[in-house]
Amino acid sequence: MFNALTGLSQKTGNFPGVTVDKKSGYTNINNQQIEVVDLPGTYSLNPEAEDERVAADIIKNINDDELIIVVADVTNLKRNLFLCTQIIDLGKPVVLVLNMMDLLQKSNQCIDLDKISTLLQIPVVPVNARIKKGINELKEIVANYQFRKASFLSDKLTPSERYEKITSVISACLQGGEANRWINRTKKIDNILTHKIYGYLIFLSILFVIFQAIFSWSAYPMELIEEGFAMLGGLVESWMPEGVLSDLIVNGILAGLSGIVVFVPQIALLFAFVTILEDTGYMSRVSFLMDRLLRPFGLNGKSIIPLISSIACAVPAIMSTRSITNLKERLITIMVSPLISCSARIPVYTLLIALVIPTEEQVGIFNLQGIVMMGLYLIGFLAALFAALVFKWILKSKGKSNFIMEMPIYRLPRWSNVGFSVYNKVKIFLFEAGKIIIAISIVLWGLSSYGPGDTFEKIEEKYTSPAYENENKDKINNLIASEKLEASYAAYLGKTIEPLIKPIGFDWKIGISLVTSFAAREVFVGTMATLYSVGDEDNTTSIREKMLQAKNPETGDRLYNKATTFSLLIFYAFAMQCMATLAVVYRETKSYKWPIIQVVYMGALAYVSSWIVYTIFS
Amino acid sequence: MTLDELKENESARIVQILDEQLEESMLNMGFIVGEDVKLDRIAPLKDPILITSGLNYISIRKEDAKKILIEKNNAN
């Protein structure tokens, strides 16, 4: 509806609470710019969930020159008029928009618009937002609107009495057969989709397809993006004079950007699926199926959507927890979502698994590398459930938990809507996560490009001395880079934390990567690439091969043996290394307490688990 | 009897809702004391349940359904 008015692209869905925050846009009526604010959907002015509270607060405090458009689903007038008449009785100016008129006609009903307008004493406009029919009529009415204070009920009446009056209004205006047809068809579909066997089978198959899509379909565009950025970096290097600025752009900003943009295909695909499932009405059924399973863990059936979304990225996932009414359940969902392995962990997992598991190794028909990867996802999921249990036990419950949720009528997904949703999620990811990752990338670049005092100049001096005159120039440059990195502030940080991470099998180089990937996990691969790019004249060997050749200076054994590698894998599965997520958790909980608790508990879990794994394998 | 005692596809009339907050939530969803309610489906794990009243189709946990007093229609 909002999209039809403003020509903007905001997501709506067949799932209550899809619009979770107010959004505004402008529409042009008779050459007058009018601001349109879209509020989260609500059933009444007595809010239960966070998103409903947003709507109720704004409605109660609107200005004199504003007016409220109530968009009512005409197939369920009774409940929709409940909210509408509540607003009328607040003495606020209201226009009633009747949406989904097409469904009404299909069920052979018609509505007396003049009569309903007279009875409610407000303008009534029929529209079909999906095909944008009636939008111009609505604009016309808004432009010529003159507010007459109306009152639907003479005085404060109980909700039941309000409903009685609404019922009489509707029966006076609505003619034709029962609109039961649509709901009956929906219930027939529900017989299959919530069936005790088929229901779960269908859900698992859908999950499988989503997984498949995220991992294999998006591989090609991701490669393209990485190659594109590498080319762009090369171009910048050749265009710009060598120096600090070119270095900052290529190794600081472009490297950071590439690390963000490369996840766009996966996030776009995941949210295309999630929106399709929401838009058809299926998500409500999944919540219905999962409620009983998730309840023992202090979660709600509605938690399933954030949990699935976390496979791609915890940032939009945590934002989607707003539809969970109960504060405790919502908080638990927010706290455990980052334990689900997100797409940023994939490059780390891929690199590390390849170090210790040979590609050829098979278990039956399955590739062993794939099994380890699956295992890491499973471990993340189980850890999330376990953490939820602990939070359920610790946190005090505020308010009762319920699972009163509307089961919307099934309908086909609106593809434009899917497109808008994908666009929006990608935008949120690029801007929310992007700005933090870029900032951190620049800081990191600084930390690894500069060292304390005059150490860097000394290194330069050393290699310009006559002793190195006859050496290959590339080799010298690499030696300089290597020594500089070891003398940089980043190395100081790595060496400072080395005693702390030694018990879990990490050296100072991994320490640097831990520091750098605190902002975003995928930075690990880039840092490793920089750390090991030294001493490699023509950059022919991959990071994987270089890491394979790395030796433990004390024992002379392979540094990345099973113990250290598995320990690292577990660490990356559990540790809270994502500034973007922390920022969103802060925004959603409005307190520093929860992000801090998240860093501490996930860090402790990661450290202890890594220690156990390292001890077992060494 | 209470709403959770109904079997699938059985209907009854809502007599009283014992919890004020629940009564309001139910009202917001279009479930009104005095009107008919039908139990459409019990989830595979026996909880929650899907119920309808008129065109309102929602899910509710049994715990809450226990607080909704109903009276079976003689016709059913």
# chains A, B, ... in the order shown; residues from 1 in each chain; ligands from 1
call {"tool": "residues_around", "arguments": {"residues": "B:Lys38", "least_positions_apart": "2", "cutoff": "8 Å", "atoms": "only C-alpha atoms", "output": "PyMOL selection string"}}
result
chain B and resi 9-12+36+40+51-53
call {"tool": "write_last_selection", "arguments": {"atoms": "N, CA, C and O atoms", "output": "mmCIF file, in the first residue's frame"}}
result
data_model
loop_
_atom_site.group_PDB
_atom_site.id
_atom_site.type_symbol
_atom_site.label_atom_id
_atom_site.label_comp_id
_atom_site.auth_asym_id
_atom_site.auth_seq_id
_atom_site.Cartn_x
_atom_site.Cartn_y
_atom_site.Cartn_z
ATOM 1 N N ASN B 9 -11.701 -30.200 14.384
ATOM 2 C CA ASN B 9 -12.955 -29.954 13.668
ATOM 3 C C ASN B 9 -14.195 -29.869 14.557
ATOM 4 O O ASN B 9 -15.309 -29.899 14.051
ATOM 5 N N GLU B 10 -13.997 -29.729 15.865
ATOM 6 C CA GLU B 10 -15.159 -29.527 16.733
ATOM 7 C C GLU B 10 -15.357 -28.037 16.991
ATOM 8 O O GLU B 10 -14.392 -27.277 17.078
ATOM 9 N N SER B 11 -16.601 -27.629 17.127
ATOM 10 C CA SER B 11 -16.898 -26.225 17.384
ATOM 11 C C SER B 11 -17.534 -26.042 18.746
ATOM 12 O O SER B 11 -18.086 -26.992 19.316
ATOM 13 N N ALA B 12 -17.463 -24.833 19.261
ATOM 14 C CA ALA B 12 -18.090 -24.521 20.539
ATOM 15 C C ALA B 12 -18.274 -23.017 20.628
ATOM 16 O O ALA B 12 -17.835 -22.277 19.753
ATOM 17 N N ASP B 36 -18.803 -18.233 18.191
ATOM 18 C CA ASP B 36 -18.359 -19.613 17.989
ATOM 19 C C ASP B 36 -16.871 -19.681 17.699
ATOM 20 O O ASP B 36 -16.308 -18.782 17.084
ATOM 21 N N ASP B 40 -9.357 -26.167 14.468
ATOM 22 C CA ASP B 40 -9.082 -26.701 13.132
ATOM 23 C C ASP B 40 -8.023 -27.770 13.150
ATOM 24 O O ASP B 40 -8.092 -28.760 12.445
ATOM 25 N N ILE B 51 -7.078 -22.300 15.552
ATOM 26 C CA ILE B 51 -8.512 -22.125 15.781
ATOM 27 C C ILE B 51 -9.067 -21.045 14.857
ATOM 28 O O ILE B 51 -8.341 -20.174 14.402
ATOM 29 N N THR B 52 -10.377 -21.143 14.568
ATOM 30 C CA THR B 52 -11.030 -20.096 13.773
ATOM 31 C C THR B 52 -12.275 -19.615 14.479
ATOM 32 O O THR B 52 -12.964 -20.378 15.161
ATOM 33 N N SER B 53 -12.549 -18.352 14.264
ATOM 34 C CA SER B 53 -13.831 -17.790 14.633
ATOM 35 C C SER B 53 -14.174 -16.845 13.501
ATOM 36 O O SER B 53 -13.451 -15.881 13.264
#
call {"tool": "residues_around", "arguments": {"residues": "B:Glu8", "least_positions_apart": "3", "cutoff": "7 Å", "atoms": "only C-alpha atoms", "output": "ChimeraX atom specification"}}
result
/B:39-42
call {"tool": "write_last_selection", "arguments": {"atoms": "N, CA and C atoms", "output": "PDB file, in the first residue's frame"}}
result
ATOM      1  N   LEU B  39     -11.944 -25.615  16.531  1.00  0.00           N
ATOM      2  CA  LEU B  39     -10.563 -26.074  16.582  1.00  0.00           C
ATOM      3  C   LEU B  39     -10.258 -26.752  15.252  1.00  0.00           C
ATOM      4  N   ASP B  40      -9.357 -26.167  14.468  1.00  0.00           N
ATOM      5  CA  ASP B  40      -9.082 -26.701  13.132  1.00  0.00           C
ATOM      6  C   ASP B  40      -8.023 -27.770  13.150  1.00  0.00           C
ATOM      7  N   ARG B  41      -6.992 -27.523  13.924  1.00  0.00           N
ATOM      8  CA  ARG B  41      -5.838 -28.398  13.818  1.00  0.00           C
ATOM      9  C   ARG B  41      -5.036 -28.383  15.103  1.00  0.00           C
ATOM     10  N   ILE B  42      -4.545 -29.566  15.479  1.00  0.00           N
ATOM     11  CA  ILE B  42      -3.620 -29.657  16.607  1.00  0.00           C
ATOM     12  C   ILE B  42      -2.244 -29.909  15.999  1.00  0.00           C
TER      13      ILE B  42
END
call {"tool": "atom_distance", "arguments": {"atom1": "atom CA of A:Ser591", "atom2": "atom CA of A:Met319"}}
result
15.2 Å
call {"tool": "interface_residues", "arguments": {"of": "chain B", "to": "chain A", "cutoff": "10 Å", "atoms": "only C-alpha atoms", "output": "MDAnalysis selection string"}}
result
chainID B and resid 21:34 40:52 54:64
call {"tool": "atom_distance", "arguments": {"atom1": "atom CA of A:Lys92", "atom2": "atom CA of A:Gln33"}}
result
21.6 Å
call {"tool": "residues_around", "arguments": {"residues": "B:Leu3", "least_positions_apart": "5", "cutoff": "7 Å", "atoms": "only C-alpha atoms", "output": "list in words"}}
result
Ala65, Lys66, Ile68, Leu69 and Ile70 of chain B
call {"tool": "atom_distance", "arguments": {"atom1": "atom CA of A:Trp594", "atom2": "atom CA of A:Asp38"}}
result
29.3 Å
call {"tool": "select_by_dssp", "arguments": {"residues": "chain B", "states": "alpha helix (DSSP H)", "output": "number ranges by chain"}}
result
B: 20-28, 62-65
call {"tool": "residues_around", "arguments": {"residues": "stretch 556-566 of chain A", "least_positions_apart": "2", "cutoff": "9 Å", "atoms": "only C-alpha atoms", "output": "list of chain:residue names"}}
result
A:Leu352, A:Ile353, A:Leu355, A:Val356, A:Ile357, A:Ile504, A:Gly505, A:Phe506, A:Asp507, A:Met547, A:Leu548, A:Gln549, A:Ala550, A:Lys551, A:Asn552, A:Pro553, A:Glu554, A:Leu568, A:Leu569, A:Ile570, A:Phe571, A:Ser610, A:Val613, A:Tyr614, A:Thr615, A:Ile616, A:Phe617, A:Ser618
call {"tool": "residues_around", "arguments": {"residues": "stretch 112-129 of chain A", "least_positions_apart": "6", "cutoff": "6 Å", "atoms": "only C-alpha atoms", "output": "NGL selection string"}}
result
:A and (1 or 95-100 or 173)
call {"tool": "closest_residue", "arguments": {"among": "A:Pro316, A:Gly511, A:Gly370, A:Pro93", "to": "A:Ile346", "atoms": "only C-alpha atoms"}}
result
A:Gly370
call {"tool": "closest_residue", "arguments": {"among": "A:Gly25, A:Pro338, A:Pro40, A:Gly446", "to": "A:Ser309", "atoms": "only C-alpha atoms"}}
result
A:Pro338
call {"tool": "select_by_dssp", "arguments": {"residues": "chain B", "states": "strand (DSSP E or B)", "output": "ChimeraX atom specification"}}
result
/B:2,11-17,36-42,49-53,56-60,68-72
call {"tool": "write_last_selection", "arguments": {"atoms": "C-alpha atoms", "output": "tab-separated table (two decimals), in the first residue's frame"}}
result
chain	number	residue	atom	x	y	z
B	2	THR	CA	-12.04	-25.38	28.07
B	11	SER	CA	-16.90	-26.22	17.38
B	12	ALA	CA	-18.09	-24.52	20.54
B	13	ARG	CA	-19.15	-21.15	21.89
B	14	ILE	CA	-16.74	-19.01	23.89
B	15	VAL	CA	-18.26	-18.49	27.34
B	16	GLN	CA	-15.54	-16.70	29.23
B	17	ILE	CA	-11.84	-15.91	29.02
B	36	ASP	CA	-18.36	-19.61	17.99
B	37	VAL	CA	-14.87	-21.00	17.82
B	38	LYS	CA	-13.67	-24.04	15.93
B	39	LEU	CA	-10.56	-26.07	16.58
B	40	ASP	CA	-9.08	-26.70	13.13
B	41	ARG	CA	-5.84	-28.40	13.82
B	42	ILE	CA	-3.62	-29.66	16.61
B	49	ILE	CA	-3.47	-25.44	18.07
B	50	LEU	CA	-5.09	-23.62	15.15
B	51	ILE	CA	-8.51	-22.13	15.78
B	52	THR	CA	-11.03	-20.10	13.77
B	53	SER	CA	-13.83	-17.79	14.63
B	56	ASN	CA	-10.17	-15.10	11.96
B	57	TYR	CA	-7.69	-17.92	11.80
B	58	ILE	CA	-4.96	-18.01	14.45
B	59	SER	CA	-2.67	-20.26	16.42
B	60	ILE	CA	-2.69	-20.37	20.20
B	68	ILE	CA	-10.81	-20.08	27.54
B	69	LEU	CA	-14.08	-21.51	28.80
B	70	ILE	CA	-16.36	-22.90	26.14
B	71	GLU	CA	-19.73	-24.53	25.81
B	72	LYS	CA	-20.22	-27.15	23.14
